[in-house]
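What follows is one structure encoded as structure tokens, with my remarks underneath.
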Amino acid sequence: VVDCAKKAKREGLLSLESVLQNEDDEFFKKGLTLCVDGLEPKSIENILQKDVEKIEERHRLGADILTSMGTFAPAMGLIGTLIGLVQMLQNMDDPSNIGPAMAVALLTTFYGAIMANVMFLPIAGKLKKRSAEEILVKELIIEGIMAVSQGESPRIIEERLVVYLNPSLR
């Protein structure tokens, strides 16, 4: 972003068109394209913010599905436990059948708890964390693109963007 600001300051916004060809980040590329096309800074910000909102929504839906699965997994385990207990109670006259039915009852509770706490909920948490990290990067890009489109000094832009970084990375 700072390099783009330097180039735009020296050669004008249209010079950023050459940067677009080598840029891999589609979001940054989109923001620069809007700048080069001469859109008003407020319009650029609105377009990019809407993009971020939709990304957040998609990420949230995925994490919500896994959170729901993590919430319902123990309940499914308890349903299995009830089925195992019913089997056990049906065969009370034959002691040799009690053991396998009790095993089903205990294993389904175990599986429900494992699936919730080892699979679904940790994955949902990881998705939420990665989403937050991605959104932070997108916000940094928006801030930078806005500053470049308004013709701010590259040094000022750098100071504005460095606050997004972890102190150890600054």
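Identifiers for the structure tokens are assigned positionally: chains receive A, B, ... in sequence, residues are indexed from 1 per chain, and ligands are indexed from 1 in the order shown.
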Could you give me, as CSV, a per-residue list for range 38-157 of chain A showing, wherever an atom lies at most 9 Å from an atom of range 161-169 of chain A, the closest pair of atoms and their distance in Å to one decimal, using only C-alpha atoms and sorting by chain then residue number from low to high?
residue,atom,partner,partner_atom,distance
A:Leu136,CA,A:Tyr164,CA,7.5
A:Val137,CA,A:Tyr164,CA,8.1
A:Glu139,CA,A:Tyr164,CA,8.8
A:Leu140,CA,A:Leu161,CA,6.3
A:Ile141,CA,A:Leu161,CA,8.6
A:Glu143,CA,A:Leu161,CA,7.3
A:Gly144,CA,A:Leu161,CA,6.9
A:Ile156,CA,A:Leu161,CA,8.7
A:Ile157,CA,A:Leu161,CA,6.1
May I have the residues from that selection written out with N, CA and C atoms, as a compact mmCIF listing (two decimals), in the first residue's frame?
# COMPACT_ATOMS: atom_id res chain seq x y z
N LEU A 136 -9.52 -8.34 9.50
CA LEU A 136 -8.56 -7.32 9.91
C LEU A 136 -7.67 -6.91 8.72
N VAL A 137 -7.22 -7.89 7.94
CA VAL A 137 -6.41 -7.59 6.76
C VAL A 137 -7.22 -6.79 5.75
N GLU A 139 -9.72 -4.78 6.39
CA GLU A 139 -9.89 -3.43 6.92
C GLU A 139 -8.62 -2.60 6.72
N LEU A 140 -7.47 -3.24 6.90
CA LEU A 140 -6.20 -2.56 6.64
C LEU A 140 -6.13 -2.13 5.18
N ILE A 141 -6.53 -3.02 4.28
CA ILE A 141 -6.50 -2.71 2.85
C ILE A 141 -7.44 -1.55 2.54
N GLU A 143 -8.43 0.82 4.54
CA GLU A 143 -7.82 2.04 5.09
C GLU A 143 -6.73 2.56 4.15
N GLY A 144 -5.90 1.65 3.67
CA GLY A 144 -4.82 2.04 2.77
C GLY A 144 -5.32 2.57 1.44
N ILE A 156 2.46 9.15 6.12
CA ILE A 156 1.25 9.19 6.97
C ILE A 156 0.48 7.88 6.82
N ILE A 157 0.38 7.40 5.59
CA ILE A 157 -0.33 6.13 5.34
C ILE A 157 0.34 5.00 6.11
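Omitting Leu66 in chain A and its sequence neighbours fewer than 5 positions away, and counting only C-alpha atoms, the residues within 10 Å are Leu61, Thr71, Phe72, Ala116, Met119, Phe120, Leu121, Pro122, Ile123, Ala124, Gly125 and Leu127 of chain A.
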Keeping only N, CA, C and O atoms, write those residues as an mmCIF file, in the first residue's frame.
data_model
loop_
_atom_site.group_PDB
_atom_site.id
_atom_site.type_symbol
_atom_site.label_atom_id
_atom_site.label_comp_id
_atom_site.auth_asym_id
_atom_site.auth_seq_id
_atom_site.Cartn_x
_atom_site.Cartn_y
_atom_site.Cartn_z
ATOM 1 N N LEU A 61 -21.764 -18.013 8.828
ATOM 2 C CA LEU A 61 -22.669 -19.132 8.567
ATOM 3 C C LEU A 61 -21.953 -20.470 8.708
ATOM 4 O O LEU A 61 -22.491 -21.405 9.301
ATOM 5 N N THR A 71 -23.207 -28.302 19.464
ATOM 6 C CA THR A 71 -24.241 -28.187 20.493
ATOM 7 C C THR A 71 -25.136 -29.418 20.517
ATOM 8 O O THR A 71 -25.527 -29.901 21.585
ATOM 9 N N PHE A 72 -25.447 -29.949 19.333
ATOM 10 C CA PHE A 72 -26.378 -31.079 19.246
ATOM 11 C C PHE A 72 -25.718 -32.445 19.405
ATOM 12 O O PHE A 72 -26.402 -33.425 19.699
ATOM 13 N N ALA A 116 -18.390 -33.261 19.872
ATOM 14 C CA ALA A 116 -18.638 -31.855 20.195
ATOM 15 C C ALA A 116 -17.355 -31.145 20.609
ATOM 16 O O ALA A 116 -17.043 -30.077 20.085
ATOM 17 N N MET A 119 -14.041 -32.143 17.915
ATOM 18 C CA MET A 119 -14.170 -31.828 16.490
ATOM 19 C C MET A 119 -14.910 -30.519 16.238
ATOM 20 O O MET A 119 -14.308 -29.536 15.830
ATOM 21 N N PHE A 120 -16.207 -30.524 16.440
ATOM 22 C CA PHE A 120 -17.052 -29.436 15.968
ATOM 23 C C PHE A 120 -16.749 -28.076 16.604
ATOM 24 O O PHE A 120 -16.561 -27.086 15.896
ATOM 25 N N LEU A 121 -16.728 -28.003 17.922
ATOM 26 C CA LEU A 121 -16.525 -26.713 18.582
ATOM 27 C C LEU A 121 -15.124 -26.138 18.353
ATOM 28 O O LEU A 121 -14.999 -24.939 18.083
ATOM 29 N N PRO A 122 -14.060 -26.957 18.419
ATOM 30 C CA PRO A 122 -12.737 -26.383 18.108
ATOM 31 C C PRO A 122 -12.615 -25.904 16.652
ATOM 32 O O PRO A 122 -12.003 -24.866 16.393
ATOM 33 N N ILE A 123 -13.199 -26.638 15.724
ATOM 34 C CA ILE A 123 -13.146 -26.206 14.319
ATOM 35 C C ILE A 123 -13.912 -24.903 14.145
ATOM 36 O O ILE A 123 -13.461 -23.990 13.455
ATOM 37 N N ALA A 124 -15.080 -24.795 14.788
ATOM 38 C CA ALA A 124 -15.859 -23.554 14.711
ATOM 39 C C ALA A 124 -15.056 -22.387 15.296
ATOM 40 O O ALA A 124 -15.038 -21.292 14.721
ATOM 41 N N GLY A 125 -14.383 -22.616 16.407
ATOM 42 C CA GLY A 125 -13.556 -21.578 17.009
ATOM 43 C C GLY A 125 -12.416 -21.156 16.100
ATOM 44 O O GLY A 125 -12.115 -19.966 15.965
ATOM 45 N N LEU A 127 -12.376 -21.403 12.819
ATOM 46 C CA LEU A 127 -12.958 -20.650 11.701
ATOM 47 C C LEU A 127 -13.230 -19.201 12.099
ATOM 48 O O LEU A 127 -12.963 -18.278 11.326
#
(message) Could you check the closest approach to Ala147 in chain A for each of A:Ala63, A:Leu106, A:Cys4, A:Val86 and tell me which residue wins, using only C-alpha atoms?
(response)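 The answer is A:Cys4, which sits nearest to Ala147 in chain A.
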(message) As an exercise, work out the distance from CA of Ser149 in chain A to CA of Ala8 in chain A in Å and give it to one decimal place.
(response)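 Separation of CA of Ser149 in chain A and CA of Ala8 in chain A: 8.8 Å.
Residues surrounding Leu82 in chain A within 10 Å are A:Met76, A:Met88, A:Val104, A:Ala105, A:Leu106, A:Thr108, A:Thr109 [only C-alpha atoms; sequence separation below 6 positions excluded].
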Include all heavy atoms and write out the residues we just selected as a compact mmCIF listing (two decimals), in the first residue's frame.
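For reference, result-v2.txt as written:
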# COMPACT_ATOMS: atom_id res chain seq x y z
N MET A 76 -27.39 -35.99 20.78
CA MET A 76 -27.50 -37.22 19.97
C MET A 76 -26.88 -38.39 20.73
O MET A 76 -27.38 -39.51 20.68
CB MET A 76 -26.80 -37.04 18.62
CG MET A 76 -27.45 -36.03 17.69
SD MET A 76 -29.11 -36.52 17.20
CE MET A 76 -30.07 -35.24 17.96
N MET A 88 -31.11 -52.69 27.08
CA MET A 88 -30.68 -53.35 28.30
C MET A 88 -31.88 -53.78 29.14
O MET A 88 -31.94 -54.91 29.63
CB MET A 88 -29.80 -52.40 29.11
CG MET A 88 -29.17 -53.04 30.33
SD MET A 88 -28.13 -51.88 31.23
CE MET A 88 -29.36 -50.99 32.15
N VAL A 104 -23.34 -49.95 24.42
CA VAL A 104 -23.95 -49.03 23.46
C VAL A 104 -24.37 -47.75 24.16
O VAL A 104 -24.11 -46.64 23.68
CB VAL A 104 -25.15 -49.68 22.73
CG1 VAL A 104 -25.96 -48.65 21.96
CG2 VAL A 104 -24.69 -50.79 21.81
N ALA A 105 -24.97 -47.91 25.31
CA ALA A 105 -25.46 -46.74 26.06
C ALA A 105 -24.30 -45.81 26.43
O ALA A 105 -24.39 -44.59 26.25
CB ALA A 105 -26.19 -47.21 27.32
N LEU A 106 -23.20 -46.36 26.91
CA LEU A 106 -22.08 -45.52 27.34
C LEU A 106 -21.28 -44.97 26.16
O LEU A 106 -20.82 -43.83 26.19
CB LEU A 106 -21.18 -46.31 28.28
CG LEU A 106 -21.83 -46.70 29.62
CD1 LEU A 106 -20.88 -47.57 30.43
CD2 LEU A 106 -22.23 -45.48 30.40
N THR A 108 -22.28 -44.20 23.09
CA THR A 108 -22.92 -43.12 22.34
C THR A 108 -22.77 -41.78 23.07
O THR A 108 -22.57 -40.75 22.43
CB THR A 108 -24.40 -43.42 22.08
OG1 THR A 108 -25.06 -43.68 23.32
CG2 THR A 108 -24.56 -44.62 21.15
N THR A 109 -22.83 -41.80 24.39
CA THR A 109 -22.60 -40.57 25.15
C THR A 109 -21.16 -40.11 24.94
O THR A 109 -20.89 -38.92 24.72
CB THR A 109 -22.86 -40.80 26.65
OG1 THR A 109 -24.22 -41.19 26.82
CG2 THR A 109 -22.59 -39.55 27.46
